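Undergrad: Let me begin by handing over the structure; questions about it come next.
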Amino acid sequence: MNRLLPIKSGPWIWALLSLVLILLFNLVFTHGFFSVEVRDGNLYGSVIDILNRAAPVMLVALGMTLIIATGGVDLSVGAIMAIIGSIAALLVTKQHASLPIILVICLASATVLGLWNGTLVSIFKVQPIVATLILMVSGRGIAQLLTDGQIIQFKDPSLSFVGNGFLFKIPFSITLVLLMLVATTLITRKTAMGLFIESVGDNPTASRYSGIDIRTVQLFVYAFCGFCSGIAGLVATANTSAADANNVGMNLELDAILAVVIGGTKLTGGRFQLIGSLFGALVIQSLTTTILTKGLAIEYTLVVKALTVLAVCLLQSPQFRSRFGFGRRTA
Amino acid sequence: MKKNISLLTTILVFLLMLAGASLKYKGFFSVDVFINLLRDNAFLGVAAVGMTFVILSGGIDLSVGGMIGFTSILVGVLISKHHLHPLIAISIALVIGTMIGSGMGWIISTFELPPFLVTLAGMFLTRGLAVVISADTIMIDNPMYEKVSGVKMALPGIFIATLLVGLFVAHMRPFGRAVYAIGGSEDSAALMGLPVGKTKVMVYAISGFCASLAGVLLTLYMSSGDPNAGKMLELDAIASVVIGGTLLSGGVGNLLGTLFGVLILGLIQTAITFQGDINSWWGKIITGLLVFGFILLQKLLQSRRSSVRTA
């Protein structure tokens with residue numbers, strides 16, 4: 001594999017390759033897939049649409065990558081999105097709050113929710129699946145309690161901009177994803193945090209003996225993932241200008257985890273691939289879009305997704321690789 | 001004795017909730033309400049029995065909700081569209097469910113993949129197949145079906161029977177001991193010469209069977225097949241196993257606890273219906289709080305046990 005590709009590649013290369021394959025398929029078989037037109041000075045088209053729709057998953061996947069790198073998982077991201085969406089809608093309709101205040105309150109609450117998960121995992125030593133299951137189950141209940149079970153619609157141009165606006169001719173949500181990617185990369189690669197995260201995921205015992213404060217690292221990743229889910233919740237809610245506690249971020253935790261795994265980060269922790277996770281999210285979304293534009297019923301997306309998960313899992317399994325002659329990769 | 005503290009706590013919580021609800025709501029404490037409690041939660045209970053085996057072995061099965069939707073619509077289509085005898089339709093559904101379960105188990109044990117991911121694929125696959133078979137609910141109109149769903153004790157009976165068979169397998173058979181041993185430590189189990197791979201495949205096969213049986217029960221309960229049935233049911237199943245005192249890390253737990261976990265979840269729903277004026281989403285919040293409470297209790301017991309050991 002490495003000999004075939006002269007460039008320095010990471011495990012994310014598989015995600016990129018599958019993305020390219022899907023796009024090539026569309027280049028050949030879908031007429032006008034790559035056509036991008038300018039309307040009112042902004043760009044529109046299938047490709048832009050894929051990027052825009054994948055934005056919430058990509059945002060969550062960034063936080064999820066760090067959690068999975070520590071050997072954890074966060075099932076509550078969808079519930080956090082629902083709660084944040086409800087809070088934002090209530091602030092707009094009941095308090096007529098301005099955008100900065102909404103942003104501060106929502107992102108602070110999202111971080112607190114993430115910290116709650118982090119506290120359970122790091123201080124109470126609860127298994128990540130169970131710890132985040134609590135918020136996953138009760139979080140949607142809390143969101144529905146906030147909105148009284150109603151879908152709250154709102155009209156607020158400044159909040160809608162977060163989900164629908166255009167900046168430099170591209171959707172603002174894409175700009176947000178890029179900003180968060182840069183921020184996350186800086187935090188993890190320009191400070192020691194990235195190294196700490198990887199070593200906690202690789203071997204917690206060895207990390208403790210070498211003096212890494214595991215608790216702080218875990219608290220940080222869960223809080224950060226909460227923060228990312230908060231942004232995703234704002235984007236998703238602003239996009240439809242309505243807070244739907246029942247459906248916002250439904251099953252999004254699964255897509256986010258899937259995106260991270262497709263991107264080449266192992267579920268058992270250790271090295272992580274931020275860019276890979278974004279490619280992973282794009283693979284999922286472009287698959288869905290392709291199925292829809294090909295006129296296949298939306299029902300098939302789940303089956304295709306299942307086969308994708310299975311293929312990715314098997315490709316990453318050393319047993320499968322050695323049995324079917326892919327050879328063990330020397331990392 | 002110490003081993004049974006979480007089980008006793010679960011039973012105590014159930015009795016307290018039952019007593020509280022009976023004092024608060026008139027007519028709550030009756031045989032009818034109790035039978036309905038078992039009847040309304042029979043499918044959850046059956047799925048939770050399978051889930052308990054998986055969790056005891058240290059794994060997790062996210063596919064049970066999808067499997068319920070898949071078997072539900074499969075049975076519905078086979079009976080209503082292809083006019084098969086209900087017993088044949090149910091057997092086909094159970095066989096396919098068990099096969100999908102053992103397939104997942106085989107992949108998990110052969111390629112040493114995380115159960116979380118493989119059963120996630122299983123969840124997408126089963127739910128996807130369910131909507132591919134039919135995206136709409138299908139009414140089941142069959143004399144035998146009507147007869148069975150008319151019998152009040154049918155669903156509770158199947159639930160209790162599944163539980164008894166589960167208890168027998170878990171505590172009286174070598175297989176059950178192997179499940180506990182693998183959940184405690186997979187490496188030690190392998191060194192002891194236990195058939196780790198085979199046991200794992202069996203565990204997911206059992207869960208697949210239980211989930212598809214739960215789907216069949218749901219068709220009896222609703223008299224229809226619904227591809228969207230059992231959405232998020234895996235969460236309720238996991239929650240009842242945890243409330244029942246089974247450790248999610250595997251190796252420790254009891255099927256009886258799961259029974260009371262299921263009953264507690266059911267009791268919350270029934271109480272909310274009796275109350276009438278509070279929102280049903282309180283149920284989710286209370287469930288979350290209960291899971292939280294039981295995890296804290298388990299942590300407390302664990303830390304005490306380990307401090308006793310070191311003392």
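Chain labels A, B, ... are given in the sequence in which chains occur in the structure tokens; within each chain residues are numbered consecutively from 1, and ligands are likewise numbered from 1 in the order shown.
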Leaving out range 60-68 of chain A and any residue of its chain fewer than 3 positions from it, which residues lie within 6 Å of it when counting only C-alpha atoms, given as a list in words?

TA: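 Near neighbours after the sequence-gap exclusion: Val57, Gly71, Gly72, Val73, Val221, Phe224, Cys225, Cys228, Ser229, Ala256, Val260, Leu267 and Gly269 of chain A.
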
Undergrad: Those same residues - N, CA and C atoms - I'd like them written as a JSON list (two decimals), in the first residue's frame.

TA:
[["chain", "number", "residue", "atom", "x", "y", "z"],
["A", 57, "VAL", "N", -22.74, 16.42, 11.02],
["A", 57, "VAL", "CA", -21.99, 15.20, 11.33],
["A", 57, "VAL", "C", -20.49, 15.49, 11.41],
["A", 71, "GLY", "N", -10.12, 6.09, 23.72],
["A", 71, "GLY", "CA", -10.70, 4.78, 23.99],
["A", 71, "GLY", "C", -12.14, 4.85, 24.46],
["A", 72, "GLY", "N", -12.74, 6.04, 24.39],
["A", 72, "GLY", "CA", -14.13, 6.20, 24.84],
["A", 72, "GLY", "C", -15.08, 6.29, 23.67],
["A", 73, "VAL", "N", -16.31, 6.64, 23.97],
["A", 73, "VAL", "CA", -17.31, 6.86, 22.93],
["A", 73, "VAL", "C", -18.38, 7.76, 23.56],
["A", 221, "VAL", "N", -11.77, 16.01, 26.61],
["A", 221, "VAL", "CA", -12.33, 15.51, 25.36],
["A", 221, "VAL", "C", -13.86, 15.47, 25.39],
["A", 224, "PHE", "N", -15.14, 18.98, 25.14],
["A", 224, "PHE", "CA", -14.93, 19.48, 23.78],
["A", 224, "PHE", "C", -15.97, 18.89, 22.83],
["A", 225, "CYS", "N", -16.27, 17.60, 23.00],
["A", 225, "CYS", "CA", -17.26, 16.96, 22.14],
["A", 225, "CYS", "C", -18.63, 17.57, 22.39],
["A", 228, "CYS", "N", -18.69, 20.78, 20.49],
["A", 228, "CYS", "CA", -18.89, 20.53, 19.05],
["A", 228, "CYS", "C", -20.35, 20.18, 18.77],
["A", 229, "SER", "N", -20.94, 19.33, 19.64],
["A", 229, "SER", "CA", -22.34, 18.95, 19.43],
["A", 229, "SER", "C", -23.23, 20.17, 19.55],
["A", 256, "ALA", "N", -21.77, 9.79, 13.35],
["A", 256, "ALA", "CA", -20.51, 10.42, 13.75],
["A", 256, "ALA", "C", -19.46, 9.36, 14.08],
["A", 260, "VAL", "N", -15.91, 8.59, 12.09],
["A", 260, "VAL", "CA", -14.59, 8.53, 12.72],
["A", 260, "VAL", "C", -13.89, 7.22, 12.36],
["A", 267, "LEU", "N", -11.47, 2.21, 17.04],
["A", 267, "LEU", "CA", -12.43, 2.33, 18.14],
["A", 267, "LEU", "C", -11.77, 1.98, 19.47],
["A", 269, "GLY", "N", -8.97, 3.15, 20.43],
["A", 269, "GLY", "CA", -8.20, 4.29, 20.90],
["A", 269, "GLY", "C", -6.81, 4.34, 20.32]]

Undergrad: From a DSSP pass on the backbone, collect the residues of range 47-179 of chain B flagged as alpha helix (DSSP H) and hand them back as a PyMOL selection string.

TA: chain B and resi 47-56+64-80+86-110+115-133+143-150+154-172+174-179

Undergrad: Which of these, A:Val312, A:Leu296, A:Leu287, A:Leu195, has the shortest distance to Gly264 in chain A once you count only C-alpha atoms?

TA: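 Answer, going by the shortest atom-to-atom distance: A:Val312.
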
Undergrad: Would you tabulate, counting only C-alpha atoms, all residues of chain A that have an atom at most 9 Å from an atom of chain B, showing the closest pair of atoms and their distance in Å to one decimal, sorted by chain then ascending number, as CSV?

TA:
residue,atom,partner,partner_atom,distance
A:Phe124,CA,B:Lys299,CA,7.5
A:Lys125,CA,B:Lys299,CA,8.1
A:Val126,CA,B:Ile295,CA,7.4
A:Gln127,CA,B:Leu248,CA,7.6
A:Ile129,CA,B:Leu248,CA,8.8
A:Val130,CA,B:Leu248,CA,7.5
A:Ala131,CA,B:Phe292,CA,7.9
A:Leu133,CA,B:Leu235,CA,7.9
A:Ile134,CA,B:Gly288,CA,4.8
A:Leu135,CA,B:Gly288,CA,6.8
A:Met136,CA,B:Gly288,CA,8.2
A:Val137,CA,B:Gly288,CA,5.8
A:Ser138,CA,B:Ile285,CA,4.2
A:Gly139,CA,B:Ile285,CA,7.3
A:Arg140,CA,B:Lys284,CA,7.8
A:Gly141,CA,B:Trp281,CA,4.8
A:Ile142,CA,B:Ile285,CA,6.8
A:Gln144,CA,B:Trp281,CA,6.9
A:Leu145,CA,B:Trp281,CA,7.1
A:Asp148,CA,B:Asn279,CA,8.4
A:Gly149,CA,B:Asn279,CA,8.4
A:Leu254,CA,B:Leu120,CA,7.8
A:Ile257,CA,B:Leu117,CA,8.9
A:Leu258,CA,B:Leu117,CA,8.2
A:Leu267,CA,B:Pro114,CA,7.5
A:Thr268,CA,B:Pro114,CA,8.1
A:Ala297,CA,B:Val132,CA,8.5
A:Glu299,CA,B:Val132,CA,5.7
A:Tyr300,CA,B:Gly128,CA,6.3
A:Thr301,CA,B:Gly128,CA,7.3
A:Leu302,CA,B:Gly128,CA,4.6
A:Val303,CA,B:Leu125,CA,4.9
A:Val304,CA,B:Leu125,CA,8.1
A:Lys305,CA,B:Phe124,CA,6.7
A:Ala306,CA,B:Ala121,CA,4.4
A:Leu307,CA,B:Ala121,CA,7.1
A:Thr308,CA,B:Ala121,CA,8.2
A:Val309,CA,B:Ala121,CA,5.7
A:Leu310,CA,B:Ala121,CA,6.2
A:Cys313,CA,B:Leu113,CA,7.0
A:Leu314,CA,B:Phe111,CA,7.2
A:Gln316,CA,B:Leu113,CA,8.8
A:Ser317,CA,B:Phe111,CA,6.0
A:Pro318,CA,B:Phe111,CA,7.5
A:Gln319,CA,B:Phe111,CA,5.3
A:Phe320,CA,B:Phe111,CA,5.9

Undergrad: Of the residues B:Leu297, B:Val77, B:Leu38, B:Val54, which is the one nearest to Pro227 in chain B, using only C-alpha atoms?

TA: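 For Pro227 in chain B, the nearest of the given residues is B:Val77.
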
Undergrad: According to DSSP computed on the backbone, where in range 46-238 of chain A is there strand (DSSP E)? Give the residues as a ChimeraX atom specification.

TA: /A:152-153,166-167,170-171

Undergrad: The selected residues should be written to file as a PDB file, in the first residue's frame (atoms: C-alpha atoms).

TA:
ATOM      1  CA  ILE A 152     -40.867  25.582  18.124  1.00  0.00           C
ATOM      2  CA  GLN A 153     -40.572  27.650  14.977  1.00  0.00           C
ATOM      3  CA  PHE A 166     -23.506  32.214   2.829  1.00  0.00           C
ATOM      4  CA  LEU A 167     -20.045  33.569   3.499  1.00  0.00           C
ATOM      5  CA  ILE A 170     -20.124  29.130   0.195  1.00  0.00           C
ATOM      6  CA  PRO A 171     -22.571  28.048   2.915  1.00  0.00           C
TER       7      PRO A 171
END

Undergrad: Using only C-alpha atoms, find the one residue out of B:Val75, B:Met104, B:Leu62, B:Leu194 that sits nearest to Leu217 in chain B.

TA: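 Among the listed residues, B:Val75 lies closest to Leu217 in chain B.
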
Undergrad: Taking only C-alpha atoms into account, name the residue in B:Ala178, B:Met67, B:Leu167, B:Leu265 that is nearest to Asp226 in chain B.

TA: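 Going through B:Ala178, B:Met67, B:Leu167, B:Leu265 one by one, the smallest distance to Asp226 in chain B is for B:Met67.
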
Undergrad: Go ahead and compute the interatomic distance for CA of Asn251 in chain A and CA of Gly78 in chain A, in Å to one decimal.

TA: 6.8 Å

Undergrad: List the neighbours of Asn4 in chain B out to 10 Å using only C-alpha atoms; skip same-chain residues closer than 2 positions along the sequence, and give me the result as a PyMOL selection string.

TA: chain B and resi 1-2+6-10+245+253-254+257

Undergrad: Interatomic distance between CA of Asn203 in chain A and CA of Leu113 in chain A?

TA: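 A separation of 26.7 Å between them.
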
Undergrad: Near Ser102 in chain B, counting only C-alpha atoms, which residues have an atom at most 10 Å away, once you skip same-chain residues fewer than 2 positions from it, shown as number ranges by chain?

TA: B: 96-100, 104-108, 198, 200-209

Undergrad: Keeping only C-alpha atoms, take the residues you just selected and write them out as a JSON list (two decimals), in the first residue's frame.

TA:
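Output (part-v6.json):
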[["chain", "number", "residue", "atom", "x", "y", "z"],
["B", 96, "ILE", "CA", -33.43, -15.80, 9.94],
["B", 97, "GLY", "CA", -33.09, -13.77, 13.16],
["B", 98, "THR", "CA", -30.93, -16.43, 14.76],
["B", 99, "MET", "CA", -28.81, -16.66, 11.61],
["B", 100, "ILE", "CA", -28.21, -12.90, 11.49],
["B", 104, "MET", "CA", -22.60, -11.08, 13.74],
["B", 105, "GLY", "CA", -21.14, -13.28, 16.47],
["B", 106, "TRP", "CA", -18.96, -15.09, 13.94],
["B", 107, "ILE", "CA", -17.61, -11.81, 12.55],
["B", 108, "ILE", "CA", -16.97, -10.48, 16.07],
["B", 198, "LYS", "CA", -17.96, -20.80, 19.87],
["B", 200, "LYS", "CA", -19.38, -15.80, 21.58],
["B", 201, "VAL", "CA", -21.13, -16.93, 18.39],
["B", 202, "MET", "CA", -23.76, -18.68, 20.54],
["B", 203, "VAL", "CA", -24.30, -15.57, 22.68],
["B", 204, "TYR", "CA", -25.10, -13.38, 19.68],
["B", 205, "ALA", "CA", -27.20, -16.19, 18.19],
["B", 206, "ILE", "CA", -29.24, -16.25, 21.42],
["B", 207, "SER", "CA", -29.63, -12.48, 21.29],
["B", 208, "GLY", "CA", -30.70, -12.68, 17.64],
["B", 209, "PHE", "CA", -33.22, -15.39, 18.49]]

Undergrad: Any idea what's packed within 9 Å of range 93-97 of chain A, counting only C-alpha atoms, ignoring anything in its chain fewer than 2 positions away? Could you give it as a list in words?

TA: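 After dropping sequence-adjacent residues, the list is Ala88, Ala89, Leu90, Leu91, Leu99, Pro100, Ile101, Ile102, Ile152, Gln153, Phe154, Lys155 and Asp156 of chain A.
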
Undergrad: Those residues you just picked out, can you put them in a file as a PDB file, in the first residue's frame with C-alpha atoms?

TA:
ATOM      1  CA  ALA A  88     -31.758  28.396  21.197  1.00  0.00           C
ATOM      2  CA  ALA A  89     -35.365  28.370  19.980  1.00  0.00           C
ATOM      3  CA  LEU A  90     -36.650  29.318  23.429  1.00  0.00           C
ATOM      4  CA  LEU A  91     -34.125  32.162  23.729  1.00  0.00           C
ATOM      5  CA  LEU A  99     -27.165  36.190  18.537  1.00  0.00           C
ATOM      6  CA  PRO A 100     -24.054  36.662  20.730  1.00  0.00           C
ATOM      7  CA  ILE A 101     -26.074  35.916  23.870  1.00  0.00           C
ATOM      8  CA  ILE A 102     -27.648  32.838  22.239  1.00  0.00           C
ATOM      9  CA  ILE A 152     -40.867  25.582  18.124  1.00  0.00           C
ATOM     10  CA  GLN A 153     -40.572  27.650  14.977  1.00  0.00           C
ATOM     11  CA  PHE A 154     -38.776  30.950  14.987  1.00  0.00           C
ATOM     12  CA  LYS A 155     -37.923  33.814  12.674  1.00  0.00           C
ATOM     13  CA  ASP A 156     -34.532  35.260  13.401  1.00  0.00           C
TER      14      ASP A 156
END

Undergrad: What's around Asn247 in chain A at 10 Å? Count only C-alpha atoms, leave out sequence neighbours fewer than 5 positions away in its own chain, and write the answer as an MDAnalysis selection string.

TA: chainID A and resid 78:79 81:82 140 151 252

Undergrad: I'd like the contact shell of Gly150 in chain B - 12 Å cut-off, only C-alpha atoms, skipping same-chain residues fewer than 2 positions apart - returned as an MDAnalysis selection string.

TA: chainID B and resid 39 143:148 152:155 220:223

Undergrad: Between CA of Leu107 in chain A and CA of Gly233 in chain A, what distance in Å does the model show, to one decimal?

TA: 9.7 Å

Undergrad: Here is a test: counting only C-alpha atoms, which residue of B:Val169, B:Ala42, B:Ile182, B:Ala19 is nearest to Gly197 in chain B?

TA: B:Ile182
